[in-house]
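J.: Input: one structure, supplied below.
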Amino acid sequence: MNAARAVVFRAVVFRAVLVRAAVCRPPERRHSIPAYGRFAVALTLAVMLATPPARAGQPQRDQPELADAASLSPGVRASDLGAEVIVSWNSLAHDIAFAEDQFLTFKGQRALAVMHLAMHDALNAIVPIYETYAFHEGRRLAHPIAATAQAAHDVLLSQYPDQRAALGDQLSRWLSHVPNGALRDRGVALGRAAAAAVLAQRGGDGWDFAGTYTFGDDVGQYQTTPPWNGFVAQPGFRFAKPFVLETPDQFRPSPAPASKTKAYARAFREVKEYGAAASAHRTEEQTGYAIWWMEFAEGSVNRLARQFVTERQMHLWRAARMFAHIGVVLYDAYVATWDAKYVHDHWRPYTAIRSAQLDDNPNTTPDASWESLRPAPPFPEYSSAHAAACAGSFGVLAQTLGDRVPFTMETTTAPPGMPVRSFDSFSAAAAECADSRVRLGWHFRYATEAGLVLGQRIARYVSRHALRARHGEAGSR
């Protein structure tokens, strides 16, 4: 069934349901539908029309003009189905999380994922277009803006109680768009319930378990690099509970090439030449985008997603699901990457190049003064977290919009003369993101390739196992 016929079929089925409901009403009530009922009819029809079915492997396309169906009822406005509320809360959540720890812990990404899942669950308790994550208490008749705003507020307040004033101002601003009455009150109650459900499900998930780490002495094992002096970042995070993956090691990459192999020597020579601080091989553009991509995907990809939602006037339900998928994929990609890093315990190029005399490989030569373009972060090298994060989050955008979508994006780490970069596809952006870590001197090529594959596998798995389209459609989750 193609999309157009499916929409017509839905409308016919929906009308039949309404006719049956009218026939079953007492005779004295058959000629009118109360305002309360008109809200439910209009909202359900508007969401169904504006959310055409997807086929497996194909992106879902928006038809924003169909949101005008909301004008069927004086209780619903077309603006109630726009995604501005999602964009606004995503931006605020990012800013609050960044201000606290610059996303150097996993608290901020976890908060974003929980918030967007709560917003998604609240909406799909009103009109169940997609499966919910944690809130499964049946359909609710409530205002979607009140429900999503309250859900976002309650999640963020639970994580950042010192931001009560800012969060309260944001909530008041969005609730001011909703007329007083039962629908608003029910929306507020629903948002609270959805937030509580997701928070309860994620309680005790181990995101903040510090863990322990002991440096080894074997060739190829991770050693501390300047300026960290023995500090390693949260080794216990590898044991955190993923949102959708069954276990952190579900897609664990195979071990890196042994230091004696030709594959290792090739990757060694590449990062030695192109990742050095004073590289004579790295081009000016490569140096620029190595720095340009230093912003985490939590910032850059969420910012790009907000741009797409606004420019394309994406429907509220679809935008909520897309941001929930981005949040979940990023978090699960980090859990899976931390599992790989601390299991494989691979050394950074900084150590490998300075200690190449130990690797028993005739095709590598040491350089005791080698420095990377920027200091590497304080955890084992394999596989690349940034490559996995970019592959996963761009993969969600590709599943929603199609891969071959030209776009221009910006980052907060852009160097002078390179404020933005443009790409012909999401996969091209992910590939350059991964490559940037070799140009920085942080990763061997095989680590970024493994990260790309890991992120892609997680994005596909989440799409197929979380927040799936209802009504028997074979859409991506």
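Identifiers in the structure tokens: chain A, B, ... in order shown; residue index from 1 per chain; ligand index from 1 in order shown.
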Using only C-alpha atoms, what does the table of segment 344-429 of chain A residues within 9 Å of segment 255-267 of chain A look like, with each row giving the shortest atom pair and its distance in Å to one decimal, sorted by chain and ascending number, as JSON lines?
T.:
{"residue": "A:His344", "atom": "CA", "partner": "A:Pro255", "partner_atom": "CA", "distance": 6.4}
{"residue": "A:His346", "atom": "CA", "partner": "A:Ala256", "partner_atom": "CA", "distance": 7.8}
{"residue": "A:Asp359", "atom": "CA", "partner": "A:Ser259", "partner_atom": "CA", "distance": 5.7}
{"residue": "A:Asp360", "atom": "CA", "partner": "A:Lys260", "partner_atom": "CA", "distance": 5.8}
{"residue": "A:Asn361", "atom": "CA", "partner": "A:Lys260", "partner_atom": "CA", "distance": 4.8}
{"residue": "A:Pro362", "atom": "CA", "partner": "A:Lys260", "partner_atom": "CA", "distance": 8.2}
{"residue": "A:Asn363", "atom": "CA", "partner": "A:Ala265", "partner_atom": "CA", "distance": 5.9}
{"residue": "A:Thr364", "atom": "CA", "partner": "A:Ala265", "partner_atom": "CA", "distance": 5.9}
{"residue": "A:Tyr382", "atom": "CA", "partner": "A:Ala256", "partner_atom": "CA", "distance": 7.1}
{"residue": "A:Ser383", "atom": "CA", "partner": "A:Ala256", "partner_atom": "CA", "distance": 8.4}
J.: Using the selection just defined, write its residues with C-alpha atoms as an mmCIF file, in the first residue's frame.
T.:
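Ended up saving to again10.cif:
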data_model
loop_
_atom_site.group_PDB
_atom_site.id
_atom_site.type_symbol
_atom_site.label_atom_id
_atom_site.label_comp_id
_atom_site.auth_asym_id
_atom_site.auth_seq_id
_atom_site.Cartn_x
_atom_site.Cartn_y
_atom_site.Cartn_z
ATOM 1 C CA HIS A 344 40.750 -3.768 24.399
ATOM 2 C CA HIS A 346 44.734 -0.044 23.327
ATOM 3 C CA ASP A 359 56.347 -3.177 19.017
ATOM 4 C CA ASP A 360 58.475 -5.827 17.232
ATOM 5 C CA ASN A 361 57.410 -4.435 13.855
ATOM 6 C CA PRO A 362 60.159 -3.719 11.290
ATOM 7 C CA ASN A 363 57.856 -1.309 9.438
ATOM 8 C CA THR A 364 57.530 1.198 12.291
ATOM 9 C CA TYR A 382 40.169 1.701 20.521
ATOM 10 C CA SER A 383 37.542 2.241 19.268
#
J.: What lies within 10 Å of Ala97 of chain A using only C-alpha atoms, ignoring chain neighbours under 3 positions off, as a list in words?
T.: Leu92, Ala93, His94, Glu100, Asp101, Gln102, Phe103, Leu104, Thr105, Phe106, Lys107, Gly108, Gln109, Arg110, Ala111, Leu112, Leu156, Gln159 and Tyr160 of chain A
J.: Keeping only C-alpha atoms, write the selected residues as an mmCIF file, in the first residue's frame.
T.:
data_model
loop_
_atom_site.group_PDB
_atom_site.id
_atom_site.type_symbol
_atom_site.label_atom_id
_atom_site.label_comp_id
_atom_site.auth_asym_id
_atom_site.auth_seq_id
_atom_site.Cartn_x
_atom_site.Cartn_y
_atom_site.Cartn_z
ATOM 1 C CA LEU A 92 17.740 24.589 26.772
ATOM 2 C CA ALA A 93 18.650 21.087 27.938
ATOM 3 C CA HIS A 94 21.878 21.186 25.971
ATOM 4 C CA GLU A 100 27.552 22.117 34.207
ATOM 5 C CA ASP A 101 30.298 19.872 32.799
ATOM 6 C CA GLN A 102 30.733 20.524 29.032
ATOM 7 C CA PHE A 103 29.470 16.943 28.467
ATOM 8 C CA LEU A 104 32.724 15.629 29.922
ATOM 9 C CA THR A 105 30.638 13.191 31.959
ATOM 10 C CA PHE A 106 27.662 11.255 30.620
ATOM 11 C CA LYS A 107 25.104 13.000 32.797
ATOM 12 C CA GLY A 108 24.123 15.505 30.126
ATOM 13 C CA GLN A 109 23.574 12.986 27.339
ATOM 14 C CA ARG A 110 21.591 10.752 29.656
ATOM 15 C CA ALA A 111 19.407 13.731 30.658
ATOM 16 C CA LEU A 112 18.757 14.595 26.998
ATOM 17 C CA LEU A 156 15.416 18.291 33.679
ATOM 18 C CA GLN A 159 18.675 16.183 37.040
ATOM 19 C CA TYR A 160 19.451 19.876 37.498
#
J.: So that I can see what lies close to Arg184 of chain A, please list as a list in words the residues with an atom at most 10 Å from it, counting only C-alpha atoms and leaving out residues fewer than 6 positions away in the same chain.
T.: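 Result of the neighbour search: Leu141, Ala142, His143, Pro144, Ile145, Ala146, Ala147, Leu175, His177, Val178 and Leu190 of chain A.
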J.: Now that the selection is made, can you save its residues with N, CA and C atoms as a PDB file, in the first residue's frame?
T.:
ATOM      1  N   LEU A 141      -6.596  11.823  26.879  1.00  0.00           N
ATOM      2  CA  LEU A 141      -7.068  12.987  26.142  1.00  0.00           C
ATOM      3  C   LEU A 141      -6.461  14.206  26.817  1.00  0.00           C
ATOM      4  N   ALA A 142      -5.487  14.836  26.163  1.00  0.00           N
ATOM      5  CA  ALA A 142      -4.744  15.917  26.796  1.00  0.00           C
ATOM      6  C   ALA A 142      -4.142  16.817  25.720  1.00  0.00           C
ATOM      7  N   HIS A 143      -3.739  18.008  26.130  1.00  0.00           N
ATOM      8  CA  HIS A 143      -3.155  18.936  25.179  1.00  0.00           C
ATOM      9  C   HIS A 143      -1.683  18.582  24.957  1.00  0.00           C
ATOM     10  N   PRO A 144      -1.248  18.419  23.694  1.00  0.00           N
ATOM     11  CA  PRO A 144       0.118  17.951  23.431  1.00  0.00           C
ATOM     12  C   PRO A 144       1.204  18.921  23.887  1.00  0.00           C
ATOM     13  N   ILE A 145       0.976  20.217  23.788  1.00  0.00           N
ATOM     14  CA  ILE A 145       2.002  21.178  24.200  1.00  0.00           C
ATOM     15  C   ILE A 145       2.181  21.149  25.712  1.00  0.00           C
ATOM     16  N   ALA A 146       1.073  21.114  26.442  1.00  0.00           N
ATOM     17  CA  ALA A 146       1.173  21.039  27.896  1.00  0.00           C
ATOM     18  C   ALA A 146       1.872  19.758  28.323  1.00  0.00           C
ATOM     19  N   ALA A 147       1.564  18.646  27.663  1.00  0.00           N
ATOM     20  CA  ALA A 147       2.145  17.355  28.038  1.00  0.00           C
ATOM     21  C   ALA A 147       3.647  17.322  27.776  1.00  0.00           C
ATOM     22  N   LEU A 175       3.337  26.819  28.583  1.00  0.00           N
ATOM     23  CA  LEU A 175       1.959  26.651  29.052  1.00  0.00           C
ATOM     24  C   LEU A 175       1.109  27.871  28.748  1.00  0.00           C
ATOM     25  N   HIS A 177       0.841  29.185  26.011  1.00  0.00           N
ATOM     26  CA  HIS A 177       0.262  28.966  24.675  1.00  0.00           C
ATOM     27  C   HIS A 177      -0.982  28.077  24.729  1.00  0.00           C
ATOM     28  N   VAL A 178      -1.253  27.504  25.894  1.00  0.00           N
ATOM     29  CA  VAL A 178      -2.334  26.523  26.007  1.00  0.00           C
ATOM     30  C   VAL A 178      -3.485  27.134  26.792  1.00  0.00           C
ATOM     31  N   LEU A 190      -0.325  14.389  32.434  1.00  0.00           N
ATOM     32  CA  LEU A 190       0.273  13.375  31.570  1.00  0.00           C
ATOM     33  C   LEU A 190       1.785  13.578  31.467  1.00  0.00           C
TER      34      LEU A 190
END
J.: Please list as an mmCIF file with N, CA and C atoms, in the first residue's frame every residue within 12 Å of Ala368 of chain A, counting only C-alpha atoms and excluding residues in the same chain fewer than 6 positions away.
T.:
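And here's result.cif as it stands now:
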data_model
loop_
_atom_site.group_PDB
_atom_site.id
_atom_site.type_symbol
_atom_site.label_atom_id
_atom_site.label_comp_id
_atom_site.auth_asym_id
_atom_site.auth_seq_id
_atom_site.Cartn_x
_atom_site.Cartn_y
_atom_site.Cartn_z
ATOM 1 N N LYS A 272 51.116 8.914 12.284
ATOM 2 C CA LYS A 272 52.400 9.553 12.579
ATOM 3 C C LYS A 272 52.641 10.730 11.650
ATOM 4 N N PRO A 349 48.231 6.766 19.804
ATOM 5 C CA PRO A 349 49.380 7.012 18.921
ATOM 6 C C PRO A 349 50.543 7.695 19.625
ATOM 7 N N TYR A 350 50.248 8.587 20.561
ATOM 8 C CA TYR A 350 51.313 9.281 21.301
ATOM 9 C C TYR A 350 52.286 8.271 21.913
ATOM 10 N N THR A 351 51.753 7.252 22.575
ATOM 11 C CA THR A 351 52.590 6.234 23.204
ATOM 12 C C THR A 351 53.203 5.300 22.167
ATOM 13 N N ALA A 352 52.392 4.889 21.208
ATOM 14 C CA ALA A 352 52.854 3.931 20.203
ATOM 15 C C ALA A 352 54.028 4.479 19.394
ATOM 16 N N ILE A 353 53.955 5.729 19.005
ATOM 17 C CA ILE A 353 55.002 6.310 18.165
ATOM 18 C C ILE A 353 56.271 6.558 18.966
ATOM 19 N N ARG A 354 56.120 7.004 20.180
ATOM 20 C CA ARG A 354 57.303 7.252 21.014
ATOM 21 C C ARG A 354 57.961 5.947 21.475
ATOM 22 N N SER A 355 57.199 4.860 21.472
ATOM 23 C CA SER A 355 57.731 3.582 21.968
ATOM 24 C C SER A 355 57.755 2.513 20.875
ATOM 25 N N ALA A 356 57.877 2.925 19.638
ATOM 26 C CA ALA A 356 57.791 1.971 18.525
ATOM 27 C C ALA A 356 58.895 0.921 18.546
ATOM 28 N N GLN A 357 59.991 1.185 19.220
ATOM 29 C CA GLN A 357 61.063 0.202 19.308
ATOM 30 C C GLN A 357 60.619 -1.055 20.052
#
J.: Would you compute the distance between atom CA of Met119 of chain A and atom CA of Ser158 of chain A? Give it in Å to one decimal.
T.: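 Going from atom CA of Met119 of chain A over to atom CA of Ser158 of chain A covers 14.8 Å.
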J.: Pick from A:Asp95, A:Glu432, A:Glu84, A:Asp345: nearest to Tyr222 of chain A, with only C-alpha atoms counted?
T.: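 Under the stated criterion, the closest residue is A:Asp345.
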J.: Env of segment 407-415 of chain A: 10 Å cut, atoms = only C-alpha atoms, seq-sep filter 6 positions within chain, self excluded. Answer as a PyMOL selection string.
T.: chain A and resi 287-297+299-301+303-305+307-308+421-426+429
J.: Taking the backbone alone, and naming residues the way the document does, which bits of segment 106-343 of chain A are strand (DSSP E or B) by DSSP, as a PyMOL selection string?
T.: chain A and resi 130+221+276+315
J.: Enter the distance from atom CA of Arg139 of chain A to atom CA of Ala320 of chain A, in Å, rounded to one decimal.
T.: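 Atom-to-atom, atom CA of Arg139 of chain A to atom CA of Ala320 of chain A, that is 17.4 Å.
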